[in-house]
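A.B. asks: What follows is the file target.cif, containing mmCIF, C-alpha atoms:
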data_data
#
loop_
_atom_site.label_atom_id
_atom_site.label_comp_id
_atom_site.auth_asym_id
_atom_site.auth_seq_id
_atom_site.Cartn_x
_atom_site.Cartn_y
_atom_site.Cartn_z
CA MET A 1 0.00 0.00 0.00
CA THR A 2 1.28 3.46 -0.88
CA HIS A 3 1.05 6.35 1.56
CA GLY A 4 1.61 10.05 1.05
CA ILE A 5 2.79 12.22 3.93
CA VAL A 6 2.80 16.01 4.04
CA SER A 7 4.36 18.06 6.86
CA PHE A 8 3.59 21.67 7.77
CA ASP A 9 5.24 23.90 10.34
CA THR A 10 2.09 25.13 12.10
CA SER A 11 3.92 26.94 14.91
CA ALA A 12 3.04 30.34 13.40
CA ILE A 13 -0.65 29.90 14.30
CA PRO A 14 -1.40 32.41 17.08
CA PRO A 15 -2.01 30.46 20.32
CA GLY A 16 -5.16 32.38 21.27
CA GLU A 17 -6.93 32.19 17.92
CA THR A 18 -9.83 29.81 17.32
CA ILE A 19 -9.49 27.84 14.07
CA GLU A 20 -12.89 27.93 12.38
CA SER A 21 -12.05 25.61 9.50
CA ALA A 22 -9.07 24.17 7.66
CA SER A 23 -8.50 22.53 4.29
CA LEU A 24 -5.54 20.70 2.80
CA TYR A 25 -4.95 21.25 -0.93
CA LEU A 26 -2.85 18.85 -3.00
CA VAL A 27 -2.06 19.62 -6.66
CA GLN A 28 -1.84 16.72 -9.10
CA ASP A 29 1.56 16.16 -10.66
CA THR A 30 1.27 12.75 -12.37
CA ARG A 31 -1.31 10.04 -12.93
CA SER A 32 -1.36 6.59 -14.50
CA GLY A 33 -4.30 4.32 -15.20
CA SER A 34 -7.76 5.33 -14.03
CA ASN A 35 -8.22 8.19 -11.62
CA PRO A 36 -8.57 6.54 -8.18
CA PHE A 37 -10.75 9.43 -6.97
CA VAL A 38 -13.29 8.63 -9.70
CA ASP A 39 -13.34 4.88 -10.44
CA GLY A 40 -12.87 3.55 -6.90
CA ASN A 41 -10.54 0.63 -7.73
CA LEU A 42 -8.31 1.60 -4.82
CA GLY A 43 -11.22 2.04 -2.45
CA THR A 44 -11.95 5.01 -0.22
CA PRO A 45 -9.18 7.53 0.41
CA ARG A 46 -8.37 8.34 4.03
CA LEU A 47 -6.50 11.17 5.71
CA ASP A 48 -4.82 10.75 9.10
CA ILE A 49 -3.24 13.49 11.18
CA ALA A 50 -0.55 13.48 13.84
CA ALA A 51 1.78 15.94 15.48
CA SER A 52 4.40 13.67 13.98
CA PHE A 53 4.25 10.09 12.73
CA GLY A 54 7.85 9.81 13.93
CA LEU A 55 10.58 12.33 13.22
CA PRO A 56 9.83 15.56 11.32
CA GLU A 57 11.54 13.94 8.32
CA ILE A 58 9.73 11.24 6.35
CA GLU A 59 10.79 7.71 7.37
CA PRO A 60 9.58 4.17 6.49
CA GLY A 61 7.80 3.68 9.84
CA ASP A 62 5.51 6.67 9.20
CA ALA A 63 3.19 4.48 7.10
CA SER A 64 2.23 2.30 10.08
CA ALA A 65 2.68 4.78 12.93
CA PRO A 66 -0.45 5.54 14.97
CA ALA A 67 -2.41 8.67 14.14
CA GLU A 68 -3.87 11.18 16.56
CA VAL A 69 -6.96 11.41 14.35
CA SER A 70 -7.91 8.86 11.67
CA ASP A 71 -10.35 9.54 8.83
CA ALA A 72 -9.66 13.22 9.45
CA GLY A 73 -11.15 14.82 6.37
CA CYS A 74 -13.74 14.97 3.61
CA PHE A 75 -12.30 14.69 0.08
CA VAL A 76 -13.61 17.19 -2.49
CA GLY A 77 -12.73 17.02 -6.19
CA SER A 78 -10.98 14.44 -8.32
CA ALA A 79 -7.55 15.89 -9.25
CA ASP A 80 -8.31 14.63 -12.74
CA GLU A 81 -5.60 16.47 -14.69
CA ARG A 82 -2.21 18.08 -14.11
CA TYR A 83 -2.57 21.13 -11.82
CA TYR A 84 -6.08 20.12 -10.67
CA ALA A 85 -6.29 20.47 -6.90
CA LEU A 86 -7.75 17.95 -4.48
CA ARG A 87 -9.28 19.65 -1.42
CA ILE A 88 -9.60 17.82 1.88
CA ASP A 89 -11.75 19.64 4.45
CA LEU A 90 -10.59 18.74 7.96
CA THR A 91 -12.98 17.45 10.62
CA SER A 92 -13.31 19.26 13.95
CA ALA A 93 -11.20 16.53 15.60
CA ALA A 94 -8.45 17.05 13.01
CA ILE A 95 -8.56 20.82 13.53
CA ALA A 96 -8.12 20.28 17.27
CA ALA A 97 -5.05 18.11 16.55
CA ILE A 98 -3.20 20.84 14.62
CA ARG A 99 -0.10 21.72 16.63
CA ARG A 100 0.69 25.30 17.50
CA ASP A 101 4.22 24.59 18.66
CA GLY A 102 5.80 22.65 15.80
CA ILE A 103 5.11 20.24 12.95
CA THR A 104 1.70 18.83 11.98
CA GLN A 105 1.76 15.88 9.58
CA PHE A 106 -0.96 14.49 7.31
CA ARG A 107 -0.93 10.95 5.88
CA MET A 108 -3.14 9.95 2.96
CA GLN A 109 -3.80 6.41 1.77
CA PHE A 110 -6.41 4.31 0.00
CA SER A 111 -8.10 1.32 1.60
CA ASN A 112 -7.08 -1.22 -1.10
CA THR A 113 -3.61 -2.39 -2.10
CA ASP A 114 -2.29 -0.70 -5.23
CA SER A 115 -1.65 -3.02 -8.15
CA GLY A 116 0.66 -0.41 -9.68
CA ILE A 117 -1.83 0.50 -12.42
CA ASP A 118 -4.02 3.23 -10.93
CA GLU A 119 -1.83 5.85 -9.31
CA VAL A 120 -1.93 9.58 -8.71
CA GLY A 121 1.04 11.66 -7.62
CA PHE A 122 0.91 15.13 -6.08
CA ASP A 123 3.44 17.93 -6.11
CA THR A 124 5.60 18.07 -3.01
CA GLY A 125 7.03 20.84 -0.88
CA ASP A 126 10.01 20.79 -3.24
CA ALA A 127 7.91 22.14 -6.13
CA LEU A 128 9.65 25.16 -7.61
CA PRO A 129 8.00 28.58 -7.74
CA PHE A 130 6.53 29.49 -11.11
CA SER A 131 8.78 31.99 -12.86
CA ALA A 132 6.70 32.46 -16.00
CA PRO A 133 3.44 31.36 -17.60
CA GLU A 134 3.50 27.80 -18.96
CA LEU A 135 2.82 27.56 -22.68
CA ARG A 136 1.95 24.37 -24.58
CA PRO A 137 2.47 24.08 -28.35
CA THR A 138 -0.60 23.24 -30.40
CA ARG A 139 -1.19 22.01 -33.92
CA THR A 140 -4.63 22.25 -35.49
CA GLU A 141 -5.78 20.90 -38.84
CA VAL A 142 -8.07 23.35 -40.64
CA SER A 143 -10.07 22.38 -43.74
CA GLU A 144 -10.83 25.17 -46.22
CA ARG A 145 -13.33 24.81 -49.06
CA GLN A 146 -12.06 26.51 -52.19
CA ALA A 147 -14.11 28.36 -54.80
CA ASP A 148 -13.86 25.38 -57.17
CA GLY A 149 -15.34 23.06 -54.48
CA SER A 150 -12.09 21.35 -53.53
CA VAL A 151 -10.95 21.17 -49.92
CA ILE A 152 -7.47 22.10 -48.75
CA THR A 153 -6.25 21.06 -45.32
CA ARG A 154 -3.75 23.30 -43.58
CA SER A 155 -1.84 22.87 -40.34
CA VAL A 156 -1.91 25.82 -37.97
CA ASN A 157 0.75 25.88 -35.26
CA GLY A 158 0.35 27.95 -32.12
CA THR A 159 0.60 27.96 -28.36
CA VAL A 160 -1.92 28.00 -25.55
CA LEU A 161 -1.55 29.15 -21.97
CA VAL A 162 -1.69 26.21 -19.55
CA HIS A 163 -4.24 26.80 -16.80
CA ARG A 164 -2.61 25.99 -13.45
CA GLY A 165 -5.57 26.79 -11.17
CA ILE A 166 -4.86 27.55 -7.52
CA ALA A 167 -1.16 26.85 -8.12
CA GLU A 168 -1.07 29.74 -10.61
CA ILE A 169 -2.59 32.12 -8.07
CA LEU A 170 -0.18 31.09 -5.31
CA GLY A 171 2.83 30.89 -7.60
CA SER A 172 3.67 27.23 -6.83
CA ALA A 173 2.13 23.75 -6.86
CA LYS A 174 3.29 22.99 -3.29
CA PRO A 175 0.74 21.49 -0.86
CA ILE A 176 -1.30 24.14 0.93
CA LEU A 177 -2.84 24.09 4.39
CA ASP A 178 -5.53 26.78 4.36
CA ILE A 179 -6.53 27.73 7.91
CA ARG A 180 -9.37 30.18 8.62
CA PHE A 181 -9.69 31.82 12.01
CA LEU A 182 -12.80 32.87 13.90
CA ASP A 183 -11.96 36.51 14.50
CA ARG A 184 -14.06 38.65 16.80
CA ILE A 185 -15.22 41.86 15.12
CA PHE A 186 -14.42 43.98 18.18
CA LYS A 187 -10.82 42.86 18.34
CA ASP A 188 -8.18 45.62 18.18
CA GLY A 189 -10.42 48.19 19.84
CA PHE A 190 -13.38 48.07 17.46
CA ASP A 191 -16.59 47.64 19.44
CA PRO A 192 -19.70 46.81 17.38
CA ALA A 193 -21.90 48.64 19.94
CA THR A 194 -20.38 51.98 18.88
CA ARG A 195 -21.19 51.64 15.19
#
What is this file in structure tokens?
C.D. replies:
Amino acid sequence: MTHGIVSFDTSAIPPGETIESASLYLVQDTRSGSNPFVDGNLGTPRLDIAASFGLPEIEPGDASAPAEVSDAGCFVGSADERYYALRIDLTSAAIAAIRRDGITQFRMQFSNTDSGIDEVGFDTGDALPFSAPELRPTRTEVSERQADGSVITRSVNGTVLVHRGIAEILGSAKPILDIRFLDRIFKDGFDPATR
């Protein structure tokens, strides 16, 4: 069985803030065979969370290490093509397990053993920042009917801009942990009673 592990340094979360919701975004890098998020050959995907499955670095024992919260999220989307993002909305138990003093790790796996045919790979934290738009060459065959009734086929070469979704907006395809805080409106001296 193949596991994917993502680590985030979540120590920058202010200790007094209430986390209202959190979502993990993974951007598809590669895929072979059928999409496991669509056809179900690999079974149901599962996300586990732990302060650390072992050391902060990835190690072989992380795959079987106990989790603080199992089945920690709801999967949204299919990551069907390159740069498509898979969103995993964290449960309240998973949100409570996010560390505010170090590393929080997420482990994703499918319930069935992989036969090596249906696989999906996601960009890692080593994904490079985007330095320029990505262009893909195109070639289109165009048929033109002539005045005498004959048809001439021409090849038209060009380029198209590759849509990179959320990765384009953020400038990289690295995994993203999106955390939203419950912020009181009267914080920082603003009192709603004086409006």
A.B. asks: Can you spell out as a tab-separated table (two decimals) with C-alpha atoms, in the coordinates of the input the set of residues that the PyMOL selection byres ((chain A and resi 100) around 9) selects in the structure I just provided?
C.D. replies:
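Wrote out30.tsv, looks like this:
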chain	number	residue	atom	x	y	z
A	9	ASP	CA	5.24	23.90	10.34
A	10	THR	CA	2.09	25.13	12.10
A	11	SER	CA	3.92	26.94	14.91
A	12	ALA	CA	3.04	30.34	13.40
A	13	ILE	CA	-0.65	29.90	14.30
A	14	PRO	CA	-1.40	32.41	17.08
A	15	PRO	CA	-2.01	30.46	20.32
A	98	ILE	CA	-3.20	20.84	14.62
A	99	ARG	CA	-0.10	21.72	16.63
A	101	ASP	CA	4.22	24.59	18.66
A	102	GLY	CA	5.80	22.65	15.80
A	103	ILE	CA	5.11	20.24	12.95
A	104	THR	CA	1.70	18.83	11.98
A.B. asks: Output as a tab-separated table one row per residue of segment 69-127 of chain A within 9 Å of segment 43-55 of chain A: the closest atom pair and its distance in Å to one decimal place, counting all atoms listed in the file, sorted by chain and residue number ascending.
C.D. replies:
residue	atom	partner	partner_atom	distance
A:Val69	CA	A:Ile49	CA	5.3
A:Ser70	CA	A:Asp48	CA	4.4
A:Asp71	CA	A:Leu47	CA	5.2
A:Ala72	CA	A:Leu47	CA	5.3
A:Gly73	CA	A:Leu47	CA	5.9
A:Cys74	CA	A:Leu47	CA	8.4
A:Phe75	CA	A:Pro45	CA	7.8
A:Ile88	CA	A:Leu47	CA	8.3
A:Leu90	CA	A:Leu47	CA	8.9
A:Ala94	CA	A:Ile49	CA	6.6
A:Ala97	CA	A:Ala50	CA	7.0
A:Ile98	CA	A:Ala51	CA	7.0
A:Arg99	CA	A:Ala51	CA	6.2
A:Gly102	CA	A:Ala51	CA	7.8
A:Ile103	CA	A:Ala51	CA	6.0
A:Thr104	CA	A:Ala51	CA	4.5
A:Gln105	CA	A:Ala50	CA	5.4
A:Phe106	CA	A:Ile49	CA	4.6
A:Arg107	CA	A:Asp48	CA	5.1
A:Met108	CA	A:Leu47	CA	4.5
A:Gln109	CA	A:Arg46	CA	5.5
A:Phe110	CA	A:Pro45	CA	4.3
A:Ser111	CA	A:Gly43	CA	5.2
A:Asn112	CA	A:Gly43	CA	5.4
A:Thr113	CA	A:Gly43	CA	8.8
A.B. asks: When you draw a straight line from atom CA of Asp118 of chain A to atom CA of Asp39 of chain A, how long is it in Å?
C.D. replies: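 Spanning atom CA of Asp118 of chain A to atom CA of Asp39 of chain A is a straight-line distance of 9.5 Å.
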A.B. asks: What is the atom CA of Asp89 of chain A to atom CA of Gly121 of chain A distance in Å?
C.D. replies: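 Taking atom CA of Asp89 of chain A as the start and atom CA of Gly121 of chain A as the end point, the length is 19.3 Å.
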A.B. asks: Could you tell me which residues the PyMOL selection byres ((chain A and resi 33) around 10) returns for this structure, as a VMD selection string?
C.D. replies: chain A and resid 31 to 32 34 to 36 116 to 120
A.B. asks: Name the residues that the PyMOL selection byres ((chain A and resi 156) around 9) pulls out of this structure, and write them as a PyMOL selection string.
C.D. replies: chain A and resi 138-142+154-155+157-158
A.B. asks: Kindly save the residues from that selection, with C-alpha atoms included, as a JSON list (two decimals), in the frame of the given file.
C.D. replies:
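As written to disk, part_5.json reads:
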[["chain", "number", "residue", "atom", "x", "y", "z"],
["A", 138, "THR", "CA", -0.60, 23.24, -30.40],
["A", 139, "ARG", "CA", -1.19, 22.01, -33.92],
["A", 140, "THR", "CA", -4.63, 22.25, -35.49],
["A", 141, "GLU", "CA", -5.78, 20.90, -38.84],
["A", 142, "VAL", "CA", -8.07, 23.35, -40.64],
["A", 154, "ARG", "CA", -3.75, 23.30, -43.58],
["A", 155, "SER", "CA", -1.84, 22.87, -40.34],
["A", 157, "ASN", "CA", 0.75, 25.88, -35.26],
["A", 158, "GLY", "CA", 0.35, 27.95, -32.12]]
A.B. asks: Which is closer to Leu26 of chain A than all the others in A:Leu182, A:Leu42, A:Val151, A:Leu177, using all atoms listed in the file?
C.D. replies: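 Selected residue with least distance to Leu26 of chain A: A:Leu177.
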A.B. asks: What separation in Å, quoted to one decimal, exists between atom CA of Ala132 of chain A and atom CA of Arg87 of chain A?
C.D. replies: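 About the pair atom CA of Ala132 of chain A and atom CA of Arg87 of chain A: they are 25.1 Å apart.
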A.B. asks: Of the candidates A:Leu86, A:Ser64, A:Thr18, A:Leu128, which one gets nearest to Ala173 of chain A if we count all atoms listed in the file?
C.D. replies: A:Leu128
A.B. asks: Could you list, as an mmCIF file with C-alpha atoms, in the coordinates of the input, every residue within 7 Å of Thr159 of chain A, counting all atoms listed in the file and ignoring same-chain residues fewer than 2 positions away?
C.D. replies:
data_model
loop_
_atom_site.group_PDB
_atom_site.id
_atom_site.type_symbol
_atom_site.label_atom_id
_atom_site.label_comp_id
_atom_site.auth_asym_id
_atom_site.auth_seq_id
_atom_site.Cartn_x
_atom_site.Cartn_y
_atom_site.Cartn_z
ATOM 1 C CA LEU A 135 2.820 27.560 -22.680
ATOM 2 C CA ARG A 136 1.950 24.370 -24.580
ATOM 3 C CA PRO A 137 2.470 24.080 -28.350
ATOM 4 C CA THR A 138 -0.600 23.240 -30.400
ATOM 5 C CA LEU A 161 -1.550 29.150 -21.970
#
A.B. asks: Out of A:Gly77, A:Gly4, A:Pro133, A:Gly40, which residue has the shortest atom-to-atom distance to Ile58 of chain A when counting all atoms listed in the file?
C.D. replies: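 Once distances to Ile58 of chain A are computed over all atoms listed in the file, the minimum belongs to A:Gly4.
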A.B. asks: Pick the closest to His163 of chain A from A:Arg82, A:Pro175, A:Thr124, A:Ser143: which is it, counting all atoms listed in the file?
C.D. replies: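 Counting all atoms listed in the file, the residue closest to His163 of chain A is A:Arg82.
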A.B. asks: Looking at all atoms listed in the file, which of A:Glu57, A:Asp148, A:Asp126, A:Glu20 is the one that sits closest to Ser172 of chain A?
C.D. replies: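 Nearest to Ser172 of chain A: A:Asp126.
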A.B. asks: Since fewer atoms than expected are present, regenerate all heavy atoms for segment 9-20 of chain A and write them as a JSON list (two decimals), keeping the file's coordinate frame.
C.D. replies:
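And here is the file that came out, part.json:
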[["chain", "number", "residue", "atom", "x", "y", "z"],
["A", 9, "ASP", "N", 4.86, 23.24, 9.10],
["A", 9, "ASP", "CA", 5.24, 23.90, 10.34],
["A", 9, "ASP", "C", 4.07, 24.81, 10.73],
["A", 9, "ASP", "O", 3.86, 25.85, 10.12],
["A", 9, "ASP", "CB", 6.52, 24.71, 10.16],
["A", 9, "ASP", "CG", 6.97, 25.38, 11.44],
["A", 9, "ASP", "OD1", 6.23, 25.32, 12.46],
["A", 9, "ASP", "OD2", 8.04, 26.00, 11.44],
["A", 10, "THR", "N", 3.30, 24.38, 11.70],
["A", 10, "THR", "CA", 2.09, 25.13, 12.10],
["A", 10, "THR", "C", 2.33, 25.96, 13.36],
["A", 10, "THR", "O", 1.38, 26.39, 14.00],
["A", 10, "THR", "CB", 0.91, 24.16, 12.30],
["A", 10, "THR", "OG1", 1.34, 23.06, 13.13],
["A", 10, "THR", "CG2", 0.42, 23.60, 10.98],
["A", 11, "SER", "N", 3.60, 26.19, 13.69],
["A", 11, "SER", "CA", 3.92, 26.94, 14.91],
["A", 11, "SER", "C", 3.60, 28.43, 14.78],
["A", 11, "SER", "O", 3.56, 29.13, 15.79],
["A", 11, "SER", "CB", 5.39, 26.76, 15.27],
["A", 11, "SER", "OG", 6.23, 27.29, 14.25],
["A", 12, "ALA", "N", 3.35, 28.92, 13.57],
["A", 12, "ALA", "CA", 3.04, 30.34, 13.40],
["A", 12, "ALA", "C", 1.58, 30.66, 13.70],
["A", 12, "ALA", "O", 1.19, 31.84, 13.72],
["A", 12, "ALA", "CB", 3.37, 30.77, 11.97],
["A", 13, "ILE", "N", 0.75, 29.65, 13.96],
["A", 13, "ILE", "CA", -0.65, 29.90, 14.30],
["A", 13, "ILE", "C", -0.70, 30.58, 15.67],
["A", 13, "ILE", "O", -0.14, 30.05, 16.63],
["A", 13, "ILE", "CB", -1.47, 28.60, 14.32],
["A", 13, "ILE", "CG1", -1.44, 27.94, 12.94],
["A", 13, "ILE", "CG2", -2.89, 28.85, 14.77],
["A", 13, "ILE", "CD1", -2.05, 26.55, 12.92],
["A", 14, "PRO", "N", -1.33, 31.73, 15.78],
["A", 14, "PRO", "CA", -1.40, 32.41, 17.08],
["A", 14, "PRO", "C", -2.07, 31.51, 18.12],
["A", 14, "PRO", "O", -3.12, 30.92, 17.85],
["A", 14, "PRO", "CB", -2.24, 33.65, 16.79],
["A", 14, "PRO", "CG", -2.13, 33.86, 15.32],
["A", 14, "PRO", "CD", -1.99, 32.50, 14.72],
["A", 15, "PRO", "N", -1.48, 31.39, 19.32],
["A", 15, "PRO", "CA", -2.01, 30.46, 20.32],
["A", 15, "PRO", "C", -3.42, 30.78, 20.78],
["A", 15, "PRO", "O", -4.17, 29.89, 21.13],
["A", 15, "PRO", "CB", -1.01, 30.55, 21.47],
["A", 15, "PRO", "CG", -0.21, 31.78, 21.22],
["A", 15, "PRO", "CD", -0.27, 32.07, 19.77],
["A", 16, "GLY", "N", -3.83, 32.03, 20.77],
["A", 16, "GLY", "CA", -5.16, 32.38, 21.27],
["A", 16, "GLY", "C", -6.26, 32.36, 20.24],
["A", 16, "GLY", "O", -7.44, 32.53, 20.57],
["A", 17, "GLU", "N", -5.92, 32.15, 18.99],
["A", 17, "GLU", "CA", -6.93, 32.19, 17.92],
["A", 17, "GLU", "C", -7.69, 30.88, 17.82],
["A", 17, "GLU", "O", -7.12, 29.80, 17.98],
["A", 17, "GLU", "CB", -6.26, 32.48, 16.57],
["A", 17, "GLU", "CG", -5.67, 33.86, 16.45],
["A", 17, "GLU", "CD", -6.71, 34.96, 16.35],
["A", 17, "GLU", "OE1", -7.89, 34.65, 16.09],
["A", 17, "GLU", "OE2", -6.34, 36.12, 16.53],
["A", 18, "THR", "N", -8.98, 30.98, 17.54],
["A", 18, "THR", "CA", -9.83, 29.81, 17.32],
["A", 18, "THR", "C", -9.84, 29.49, 15.83],
["A", 18, "THR", "O", -10.17, 30.35, 15.01],
["A", 18, "THR", "CB", -11.27, 30.07, 17.80],
["A", 18, "THR", "OG1", -11.24, 30.39, 19.19],
["A", 18, "THR", "CG2", -12.15, 28.87, 17.56],
["A", 19, "ILE", "N", -9.46, 28.26, 15.47],
["A", 19, "ILE", "CA", -9.49, 27.84, 14.07],
["A", 19, "ILE", "C", -10.92, 27.46, 13.73],
["A", 19, "ILE", "O", -11.50, 26.57, 14.33],
["A", 19, "ILE", "CB", -8.54, 26.66, 13.81],
["A", 19, "ILE", "CG1", -7.10, 27.06, 14.14],
["A", 19, "ILE", "CG2", -8.65, 26.20, 12.36],
["A", 19, "ILE", "CD1", -6.11, 25.92, 14.04],
["A", 20, "GLU", "N", -11.50, 28.18, 12.78],
["A", 20, "GLU", "CA", -12.89, 27.93, 12.38],
["A", 20, "GLU", "C", -12.99, 26.76, 11.42],
["A", 20, "GLU", "O", -13.88, 25.92, 11.53],
["A", 20, "GLU", "CB", -13.47, 29.19, 11.74],
["A", 20, "GLU", "CG", -14.93, 29.08, 11.38],
["A", 20, "GLU", "CD", -15.44, 30.37, 10.78],
["A", 20, "GLU", "OE1", -14.80, 30.91, 9.86],
["A", 20, "GLU", "OE2", -16.49, 30.84, 11.24]]
